[in-house]
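Notes to accompany the following structure.
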Number of protein chains: 4
Amino acid sequence: MPRKPADQTVSRDDILQAAARVFHHQGYHGATMQDISAAVGLTAGSLYHHFKGGKDAILVAVLEAGLDQVMADVQAITEMSLDPPEKLRRAIQAHVQSVTDHVAVAALMIFEMRTTLSLPEVPQRYLAQRDQFEGLYRQIIREGIETGCFRPVDVGVFTRTLLGASNWVSVWYRPEGRLSGAAIADQIADIFLNALLPR
Amino acid sequence: MPRKPADQTVSRDDILQAAARVFHHQGYHGATMQDISAAVGLTAGSLYHHFKGGKDAILVAVLEAGLDQVMADVQAITEMSLDPPEKLRRAIQAHVQSVTDHVAVAALMIFEMRTTLSLPEVPQRYLAQRDQFEGLYRQIIREGIETGCFRPVDVGVFTRTLLGASNWVSVWYRPEGRLSGAAIADQIADIFLNALLPR
Amino acid sequence: MPRKPADQTVSRDDILQAAARVFHHQGYHGATMQDISAAVGLTAGSLYHHFKGGKDAILVAVLEAGLDQVMADVQAITEMSLDPPEKLRRAIQAHVQSVTDHVAVAALMIFEMRTTLSLPEVPQRYLAQRDQFEGLYRQIIREGIETGCFRPVDVGVFTRTLLGASNWVSVWYRPEGRLSGAAIADQIADIFLNALLPR
Amino acid sequence: MPRKPADQTVSRDDILQAAARVFHHQGYHGATMQDISAAVGLTAGSLYHHFKGGKDAILVAVLEAGLDQVMADVQAITEMSLDPPEKLRRAIQAHVQSVTDHVAVAALMIFEMRTTLSLPEVPQRYLAQRDQFEGLYRQIIREGIETGCFRPVDVGVFTRTLLGASNWVSVWYRPEGRLSGAAIADQIADIFLNALLPR
DNA sequence: CATGAATGAGAGTTCATTCAT
DNA sequence: GATGAATGAACTCTCATTCAT
C-alpha cells in the first residue's frame, strides 16, 4: 500500500546526509532506522530499497564519504609547492574548516570510530585511509624539521596532538557561535605554527 | 590487572573498575550487563544490589569518579603559587598523565560523553564539573596573558585546543608503546608552552 | 533448460515453470517474488499482472498443473482394458516416470503440501483431486484382489505405501544418476507387483 | 517484570517437545517463536534463556533427538543374530512404529529436511546420520540377497522405496484411525518382505 | 505491460531489569 | 547478598504487495 505521490525521488545522497544528521544528534546506537528514514521522508522498510546494507553500511558510507572529502582537500595542499610552514598552515586551515563545515560527519568520525567500527570487516579500507591522512601531516612536519623551518619535535606526538585538537573542534563548534569556522581554523593553525617556531 | 580478589565480597569499586574496562573495550552500548557482571564474578541480576540505577548509573559513576580524580590533581596545581608558565606546564603534565594512567576511563569521557549522556537528567552535575575543569585552564591562560608571560591568544579556542589534544591521548596511547605516559605528557606540555611564547 | 525465450513476451506457463524451479531449489518460503520474477526476466511487481493472487496462487497453479498431468496419464491407463497386474504395473511406471520427468513439481507436491497449503481456502479442489488420484490406485488393487490376481492386503495401507514410495522418488532421483527414470519406474513397479503376488 | 510463580521450571526437553508439536502443525516457517514459547508457557524472549541458538537450533535439536532415537532402535535390531528376513521385518516394524509414535518429529524429518536445512552448516552431522541410517537397511538387504533369502533387487532403489514408504506414514497416520501403529507396521513389513520373496 | 519506489506488517533477537527463592 | 528464570520493549531487517508513471 504505497502512498506519497513523491515530492521528489529520494537519492542515495539524501539518505547519507539525513543519516549523518541523525547519527550526530542521537549517536549511532541511539538512532533507529525509523529516525533515519523519517528524516528523509520514508518508512523504515523503504530504506532498504535504496541502501542495501542496513544500518552499518549507512554509517560506513557516511564516514567514507566524509573522509574522502577532507582527504582530498588536504592532499591537494600537500602537493602544492609551498614551504613547510605555509603548507602546514593551509592544511590545518583546510582541515579545521572542513570540520566546521560538516560537523555532523566530523563528529561521527570521532565518536563512532572505535567500538562501532571495530567489529566488522568492511571499514578496513576506512581505517587505512585514516592512517594515510595522518601520514600527510607527518610528512609536512618531518620536512619542516629537516629544512630547519621547524624546531625539532617528536613527529608522532606532535601530529596526533594536532589531529586531536582539530578533530575536537567538532565537539565544541557552534555555527551560531562567536567565531566563524574560518576564524577558528586560523587560530588553531596559528597555535601549532607558533609551537613549531625555532627559538 | 587483578580481576577479582577471589571469593571476597565484591566492592562497589571493583564493579566500577570492571565496568570501565568493559565499556572501554566494547563501548557502552556494546557492553551488556552480563559482560560487566561476569568481569567481576557475578550474574547480571546481582549488579542491581550494588547499583540501583542500572547501566546508566554505572557509567555515570565511572565517569564521575574519573573526573573527580583529574580535577583534584589539576586543581591542586592551580592553587600552588607558581608563575603561569610553570603552572600550565604542570597542569598539562598532570592531566595527560592521568589520561595515560587511566586510559579506559579517559576514553569513556570522550566517547560516551555526548549521546549516551545527553538523554538522562542525572549527569547534570558531571557536565557542570567538566565546565569547571575547563575553567581551571582558562584561568591560568588568562593570567599568563595579563602578566605578559604568554602572547595574546583567544582563550576559548586555545583552551579547547589544549583539552582536545590532551583528551585525544586516550585514543592513541599504548602502554607498551615507545613513549611513557610521562614522556608524552612532557612533549605535549612543551608544545603548548611554546605556542604561547611571546615573540 | 532454456530460461527465457529471449525478449519474447512472458507467458503464464513460463512463470509456472520458473516458479517450480525456484520453489524446488529454495522452498516456498525461502523463495521470494524477486527470485521468481528474476528467473523469468521480470521485476517482482510485474508478476502481479499475470497472477492476481500473488505467491500463493502461483504455487497452487504449479501444483494443479502438475497434478492434472499425472492424473491424466494414470487415468488413461485405468481406463484401458487390461488385467489388474498389467494395469497396476503401467500405472506405477507412468506415475514414477512422471515424477522423474518433473522432479521440481513432484517435490513441491510433497514438501509444500501440508503447512503451506493448509491455511488458505483455494486448494480445496487440489486436495480433492489428490484423493481422487489415490482412488484410482485403490480401485485397481481392489479389483486385483477380487479377481484373485493379487493376494489380499489392506487396500488403504498398501495404496499409501505405494504412493509414498513413488512420491519419495522426487527426493532422491538425480537425472545424472546411475539409473534412468524409466529404469527406476520399472524397478518400483516390480517391487509392488511382487508384493502382491499370491503365494 | 517477571510474573508467573512458575508451576514448574521449564526444561530444555519441554521446549523440544513443544517445538516439535508446533512445527508439525504450522511448519517451520509458519511457526513463530511466540507460538513455540506460548506452547511451553513462556514469552518469546524467554526462550533464549533456555535455548541459546534460536529457531534454527531448536529445529536441529528436535531432529537430532528424533533421529538418534530411531537410529538406536533400528541399530539394536541389526546387531541381533537373526536371519535377514526376520531382521528386516523387525527393523521395518520398529521404524514404522517409531514414526507412528512420534508423528510430529517424523513428519519434520521429511518436510523440513530439504530447504530449511540445506543452508546452514550445523546439520552436517544430522545428514551424515541419515545416510548411516539408510546404510543399516542396505546392509540387511544385501545380506539377504547374498544368502539367497531374498530375490535379487537393486539395493539402492529398494532401500529408498522402503524408506519412502515408511516415512510417508507420518503423513497419513492418524492416532484415532482404524489401524494401530503396530498394525500398520506389520502390514508394511509384510508388503516389503513379500516383495523380496524368491519366486 | 512493465517498472520501481514505497509500504506495512511481522519475525527473530537482544537485553536491561525485576523478583521469588 | 546472590541467583536465574522470566519479562517486555525495542530494534533491525525482510518481503509480499500496491500503484503512479
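Labels used: A, B, ... for chains in the order of the C-alpha cells, numbers from 1 for residues in each chain, and numbers from 1 for ligands as shown.
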Per-residue nearest contacts chain F to chain B, cut-off 12 Å, using only C-alpha atoms (C1' of nucleotides), as CSV:
residue,atom,partner,partner_atom,distance
F:DG1,C1',B:His49,CA,7.6
F:DA2,C1',B:Ser46,CA,6.0
F:DT3,C1',B:Thr43,CA,7.2
F:DG4,C1',B:Gly45,CA,8.2
F:DA5,C1',B:Gly45,CA,10.8
>> One number please: atom CA of Tyr137 of chain C to atom CA of Trp172 of chain C, in Å, one decimal.
In response: 23.0 Å
Segment 75-85 of chain A: which residues within 10 Å, counting only C-alpha atoms (C1' of nucleotides), same-chain residues fewer than 6 positions away excluded, as an mmCIF file with all heavy atoms, in the first residue's frame?
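And here's selection39.cif as it stands now:
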data_model
loop_
_atom_site.group_PDB
_atom_site.id
_atom_site.type_symbol
_atom_site.label_atom_id
_atom_site.label_comp_id
_atom_site.auth_asym_id
_atom_site.auth_seq_id
_atom_site.Cartn_x
_atom_site.Cartn_y
_atom_site.Cartn_z
ATOM 1 N N GLN A 69 36.423 13.337 1.405
ATOM 2 C CA GLN A 69 36.390 14.758 1.099
ATOM 3 C C GLN A 69 37.532 15.528 1.781
ATOM 4 O O GLN A 69 38.275 16.262 1.129
ATOM 5 C CB GLN A 69 35.032 15.314 1.533
ATOM 6 C CG GLN A 69 34.539 16.442 0.660
ATOM 7 C CD GLN A 69 34.414 17.670 1.483
ATOM 8 O OE1 GLN A 69 34.039 17.607 2.656
ATOM 9 N NE2 GLN A 69 34.743 18.802 0.889
ATOM 10 N N ALA A 91 47.074 23.487 5.441
ATOM 11 C CA ALA A 91 46.490 22.170 5.676
ATOM 12 C C ALA A 91 45.582 22.213 6.904
ATOM 13 O O ALA A 91 44.444 21.732 6.887
ATOM 14 C CB ALA A 91 47.591 21.132 5.876
ATOM 15 N N ILE A 92 46.106 22.802 7.966
ATOM 16 C CA ILE A 92 45.298 22.896 9.187
ATOM 17 C C ILE A 92 44.035 23.688 8.929
ATOM 18 O O ILE A 92 42.934 23.297 9.340
ATOM 19 C CB ILE A 92 46.114 23.545 10.322
ATOM 20 C CG1 ILE A 92 47.300 22.650 10.687
ATOM 21 C CG2 ILE A 92 45.226 23.767 11.541
ATOM 22 C CD1 ILE A 92 48.213 23.248 11.746
ATOM 23 N N ALA A 94 42.441 24.133 6.145
ATOM 24 C CA ALA A 94 41.506 23.342 5.332
ATOM 25 C C ALA A 94 40.831 22.284 6.178
ATOM 26 O O ALA A 94 39.608 22.079 6.120
ATOM 27 C CB ALA A 94 42.250 22.691 4.176
ATOM 28 N N PHE A 133 45.845 9.599 6.013
ATOM 29 C CA PHE A 133 45.590 11.009 6.281
ATOM 30 C C PHE A 133 46.601 11.536 7.303
ATOM 31 O O PHE A 133 47.199 12.597 7.125
ATOM 32 C CB PHE A 133 44.165 11.182 6.804
ATOM 33 C CG PHE A 133 43.763 12.601 7.020
ATOM 34 C CD1 PHE A 133 43.575 13.457 5.959
ATOM 35 C CD2 PHE A 133 43.561 13.084 8.303
ATOM 36 C CE1 PHE A 133 43.192 14.778 6.151
ATOM 37 C CE2 PHE A 133 43.179 14.404 8.507
ATOM 38 C CZ PHE A 133 43.002 15.241 7.434
ATOM 39 N N LEU A 136 49.944 12.324 5.841
ATOM 40 C CA LEU A 136 50.126 13.599 5.149
ATOM 41 C C LEU A 136 50.716 14.636 6.091
ATOM 42 O O LEU A 136 51.666 15.358 5.741
ATOM 43 C CB LEU A 136 48.774 14.106 4.617
ATOM 44 C CG LEU A 136 48.098 13.264 3.541
ATOM 45 C CD1 LEU A 136 46.765 13.885 3.148
ATOM 46 C CD2 LEU A 136 49.006 13.147 2.328
ATOM 47 N N TYR A 137 50.154 14.703 7.293
ATOM 48 C CA TYR A 137 50.658 15.672 8.275
ATOM 49 C C TYR A 137 52.088 15.349 8.700
ATOM 50 O O TYR A 137 52.945 16.220 8.796
ATOM 51 C CB TYR A 137 49.745 15.697 9.503
ATOM 52 C CG TYR A 137 48.563 16.620 9.342
ATOM 53 C CD1 TYR A 137 47.278 16.121 9.220
ATOM 54 C CD2 TYR A 137 48.733 18.004 9.327
ATOM 55 C CE1 TYR A 137 46.187 16.966 9.080
ATOM 56 C CE2 TYR A 137 47.648 18.859 9.192
ATOM 57 C CZ TYR A 137 46.381 18.345 9.059
ATOM 58 O OH TYR A 137 45.328 19.194 8.919
ATOM 59 N N GLN A 139 54.364 13.978 7.152
ATOM 60 C CA GLN A 139 55.299 14.300 6.093
ATOM 61 C C GLN A 139 55.672 15.782 6.118
ATOM 62 O O GLN A 139 56.853 16.146 6.061
ATOM 63 C CB GLN A 139 54.673 13.922 4.742
ATOM 64 C CG GLN A 139 55.581 14.136 3.558
ATOM 65 C CD GLN A 139 56.918 13.426 3.746
ATOM 66 O OE1 GLN A 139 57.012 12.409 4.436
ATOM 67 N NE2 GLN A 139 57.973 13.997 3.170
ATOM 68 N N ILE A 140 54.646 16.593 6.221
ATOM 69 C CA ILE A 140 54.903 18.040 6.246
ATOM 70 C C ILE A 140 55.806 18.401 7.418
ATOM 71 O O ILE A 140 56.773 19.163 7.283
ATOM 72 C CB ILE A 140 53.587 18.831 6.379
ATOM 73 C CG1 ILE A 140 52.636 18.469 5.236
ATOM 74 C CG2 ILE A 140 53.863 20.324 6.381
ATOM 75 C CD1 ILE A 140 51.280 19.160 5.349
ATOM 76 N N ILE A 141 55.495 17.868 8.565
ATOM 77 C CA ILE A 141 56.260 18.217 9.758
ATOM 78 C C ILE A 141 57.694 17.723 9.649
ATOM 79 O O ILE A 141 58.652 18.433 9.987
ATOM 80 C CB ILE A 141 55.569 17.644 11.008
ATOM 81 C CG1 ILE A 141 54.232 18.378 11.210
ATOM 82 C CG2 ILE A 141 56.447 17.811 12.238
ATOM 83 C CD1 ILE A 141 53.224 17.603 12.000
ATOM 84 N N ARG A 142 57.829 16.519 9.163
ATOM 85 C CA ARG A 142 59.178 15.982 9.004
ATOM 86 C C ARG A 142 60.010 16.883 8.080
ATOM 87 O O ARG A 142 61.142 17.237 8.396
ATOM 88 C CB ARG A 142 59.077 14.562 8.444
ATOM 89 C CG ARG A 142 60.162 13.647 9.003
ATOM 90 C CD ARG A 142 60.038 12.242 8.475
ATOM 91 N NE ARG A 142 58.869 11.541 8.978
ATOM 92 C CZ ARG A 142 57.899 11.047 8.209
ATOM 93 N NH1 ARG A 142 57.950 11.193 6.894
ATOM 94 N NH2 ARG A 142 56.880 10.425 8.749
ATOM 95 N N GLU A 143 59.389 17.236 6.976
ATOM 96 C CA GLU A 143 60.070 18.127 6.044
ATOM 97 C C GLU A 143 60.500 19.429 6.700
ATOM 98 O O GLU A 143 61.626 19.887 6.544
ATOM 99 C CB GLU A 143 59.126 18.499 4.895
ATOM 100 C CG GLU A 143 59.254 17.637 3.661
ATOM 101 C CD GLU A 143 58.266 18.102 2.597
ATOM 102 O OE1 GLU A 143 58.174 19.334 2.345
ATOM 103 O OE2 GLU A 143 57.571 17.218 2.053
ATOM 104 N N GLY A 144 59.569 20.000 7.458
ATOM 105 C CA GLY A 144 59.854 21.281 8.105
ATOM 106 C C GLY A 144 61.024 21.171 9.061
ATOM 107 O O GLY A 144 61.859 22.083 9.165
ATOM 108 N N ILE A 145 61.087 20.089 9.791
ATOM 109 C CA ILE A 145 62.192 19.909 10.736
ATOM 110 C C ILE A 145 63.503 19.742 9.987
ATOM 111 O O ILE A 145 64.523 20.363 10.316
ATOM 112 C CB ILE A 145 61.935 18.681 11.637
ATOM 113 C CG1 ILE A 145 60.698 18.929 12.505
ATOM 114 C CG2 ILE A 145 63.151 18.404 12.516
ATOM 115 C CD1 ILE A 145 60.255 17.745 13.326
ATOM 116 N N THR A 147 64.323 20.789 7.081
ATOM 117 C CA THR A 147 64.774 22.029 6.437
ATOM 118 C C THR A 147 65.012 23.139 7.443
ATOM 119 O O THR A 147 65.329 24.269 7.058
ATOM 120 C CB THR A 147 63.733 22.507 5.419
ATOM 121 O OG1 THR A 147 62.486 22.700 6.106
ATOM 122 C CG2 THR A 147 63.539 21.501 4.302
ATOM 123 N N GLY A 148 64.840 22.835 8.714
ATOM 124 C CA GLY A 148 65.128 23.849 9.726
ATOM 125 C C GLY A 148 64.038 24.875 9.913
ATOM 126 O O GLY A 148 64.188 25.816 10.695
ATOM 127 N N CYS A 149 62.947 24.735 9.191
ATOM 128 C CA CYS A 149 61.857 25.691 9.385
ATOM 129 C C CYS A 149 61.212 25.494 10.752
ATOM 130 O O CYS A 149 60.689 26.441 11.352
ATOM 131 C CB CYS A 149 60.773 25.496 8.330
ATOM 132 S SG CYS A 149 61.355 25.610 6.647
ATOM 133 N N PHE A 150 61.181 24.249 11.173
ATOM 134 C CA PHE A 150 60.557 23.933 12.460
ATOM 135 C C PHE A 150 61.607 23.482 13.450
ATOM 136 O O PHE A 150 62.612 22.876 13.079
ATOM 137 C CB PHE A 150 59.545 22.786 12.296
ATOM 138 C CG PHE A 150 58.390 23.103 11.377
ATOM 139 C CD1 PHE A 150 57.739 22.084 10.703
ATOM 140 C CD2 PHE A 150 57.939 24.414 11.201
ATOM 141 C CE1 PHE A 150 56.662 22.345 9.870
ATOM 142 C CE2 PHE A 150 56.863 24.682 10.366
ATOM 143 C CZ PHE A 150 56.226 23.655 9.679
ATOM 144 N N ALA A 189 45.601 27.019 13.472
ATOM 145 C CA ALA A 189 46.815 26.981 12.657
ATOM 146 C C ALA A 189 47.897 27.816 13.332
ATOM 147 O O ALA A 189 49.058 27.394 13.457
ATOM 148 C CB ALA A 189 46.518 27.504 11.258
ATOM 149 N N PHE A 192 49.578 26.058 16.353
ATOM 150 C CA PHE A 192 50.539 24.990 16.070
ATOM 151 C C PHE A 192 51.766 25.481 15.301
ATOM 152 O O PHE A 192 52.851 24.948 15.438
ATOM 153 C CB PHE A 192 49.850 23.819 15.370
ATOM 154 C CG PHE A 192 49.018 23.016 16.319
ATOM 155 C CD1 PHE A 192 47.641 23.191 16.403
ATOM 156 C CD2 PHE A 192 49.627 22.116 17.193
ATOM 157 C CE1 PHE A 192 46.883 22.465 17.313
ATOM 158 C CE2 PHE A 192 48.875 21.394 18.102
ATOM 159 C CZ PHE A 192 47.501 21.573 18.163
ATOM 160 N N LEU A 193 51.563 26.517 14.510
ATOM 161 C CA LEU A 193 52.733 27.096 13.838
ATOM 162 C C LEU A 193 53.678 27.706 14.857
ATOM 163 O O LEU A 193 54.896 27.502 14.810
ATOM 164 C CB LEU A 193 52.307 28.167 12.820
ATOM 165 C CG LEU A 193 52.236 27.781 11.340
ATOM 166 C CD1 LEU A 193 53.453 26.953 10.942
ATOM 167 C CD2 LEU A 193 50.986 27.011 11.021
ATOM 168 N N ASN A 194 53.098 28.421 15.788
ATOM 169 C CA ASN A 194 53.930 29.010 16.830
ATOM 170 C C ASN A 194 54.642 27.943 17.638
ATOM 171 O O ASN A 194 55.781 28.125 18.063
ATOM 172 C CB ASN A 194 53.062 29.851 17.769
ATOM 173 C CG ASN A 194 53.121 31.311 17.380
ATOM 174 O OD1 ASN A 194 54.093 31.997 17.676
ATOM 175 N ND2 ASN A 194 52.093 31.764 16.666
ATOM 176 N N LEU A 196 55.829 25.389 16.679
ATOM 177 C CA LEU A 196 56.938 24.799 15.933
ATOM 178 C C LEU A 196 58.064 25.798 15.638
ATOM 179 O O LEU A 196 59.101 25.427 15.069
ATOM 180 C CB LEU A 196 56.427 24.238 14.600
ATOM 181 C CG LEU A 196 55.666 22.929 14.681
ATOM 182 C CD1 LEU A 196 55.076 22.582 13.342
ATOM 183 C CD2 LEU A 196 56.612 21.815 15.152
ATOM 184 N N LEU A 197 57.838 27.022 16.042
ATOM 185 C CA LEU A 197 58.815 28.081 15.745
ATOM 186 C C LEU A 197 60.162 27.778 16.413
ATOM 187 O O LEU A 197 60.220 27.548 17.617
ATOM 188 C CB LEU A 197 58.283 29.425 16.292
ATOM 189 C CG LEU A 197 58.316 30.611 15.347
ATOM 190 C CD1 LEU A 197 57.649 30.261 14.010
ATOM 191 C CD2 LEU A 197 57.612 31.780 16.017
#
>> One decimal, in Å: what's the spacing between atom CA of Glu146 of chain D and atom CA of Gln97 of chain D?
In response: 28.1 Å
Output as CSV one row per residue of chain A within 6 Å of chain B: the closest atom pair and its distance in Å to one decimal place, counting only C-alpha atoms, sorted by chain and residue number ascending.
residue,atom,partner,partner_atom,distance
A:Gln26,CA,B:Thr115,CA,5.5
A:Gly27,CA,B:Thr115,CA,5.3
A:Phe111,CA,B:Phe111,CA,5.5
A:Thr115,CA,B:Gly27,CA,5.4
A:Thr161,CA,B:Ala165,CA,4.8
A:Gly164,CA,B:Ala165,CA,4.6
A:Ala165,CA,B:Ala165,CA,4.6
A:Trp168,CA,B:Gly164,CA,5.1
A:Ile191,CA,B:Ala195,CA,5.4
A:Asn194,CA,B:Ala195,CA,4.8
A:Ala195,CA,B:Ala195,CA,3.9
Create the file for the chosen residues now, containing C-alpha atoms and written as a PDB file, in the first residue's frame.
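And here is the file that came out, part.pdb:
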ATOM      1  CA  GLN A  26      21.465  10.690  18.749  1.00  0.00           C
ATOM      2  CA  GLY A  27      24.567   8.677  18.219  1.00  0.00           C
ATOM      3  CA  PHE A 111      32.549   9.116  18.248  1.00  0.00           C
ATOM      4  CA  THR A 115      33.547   0.303  19.136  1.00  0.00           C
ATOM      5  CA  THR A 161      48.267  16.360  19.202  1.00  0.00           C
ATOM      6  CA  GLY A 164      43.259  15.569  18.278  1.00  0.00           C
ATOM      7  CA  ALA A 165      42.887  19.301  18.605  1.00  0.00           C
ATOM      8  CA  TRP A 168      37.938  18.084  18.762  1.00  0.00           C
ATOM      9  CA  ILE A 191      48.800  27.923  17.672  1.00  0.00           C
ATOM     10  CA  ASN A 194      53.930  29.010  16.830  1.00  0.00           C
ATOM     11  CA  ALA A 195      54.533  25.788  18.658  1.00  0.00           C
TER      12      ALA A 195
END
>> At a cut-off of 10 Å, which residues of chain E touch chain C? Count only C-alpha atoms (C1' of nucleotides) and give the answer as an NGL selection string.
In response: :E and (1-4)
>> Can you tell me which residues surround Asp186 of chain A at a distance of at most 9 Å, considering only C-alpha atoms (C1' of nucleotides), apart from same-chain residues fewer than 5 positions away, and format the answer as a ChimeraX atom specification?
In response: /A:89-90,92-93,96,181,191
> Out of segment 8-183 of chain C, which residues get alpha helix (DSSP H) from DSSP, as number ranges by chain?
Replying inline: C: 12-30, 33-39, 44-50, 54-78, 84-101, 103-111, 115-118, 124-146, 155-172, 181-183
> How many Å separate atom CA of Ser170 of chain B from atom CA of Val155 of chain A?
Replying inline: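 Computing the Euclidean distance for atom CA of Ser170 of chain B and atom CA of Val155 of chain A yields 17.8 Å.
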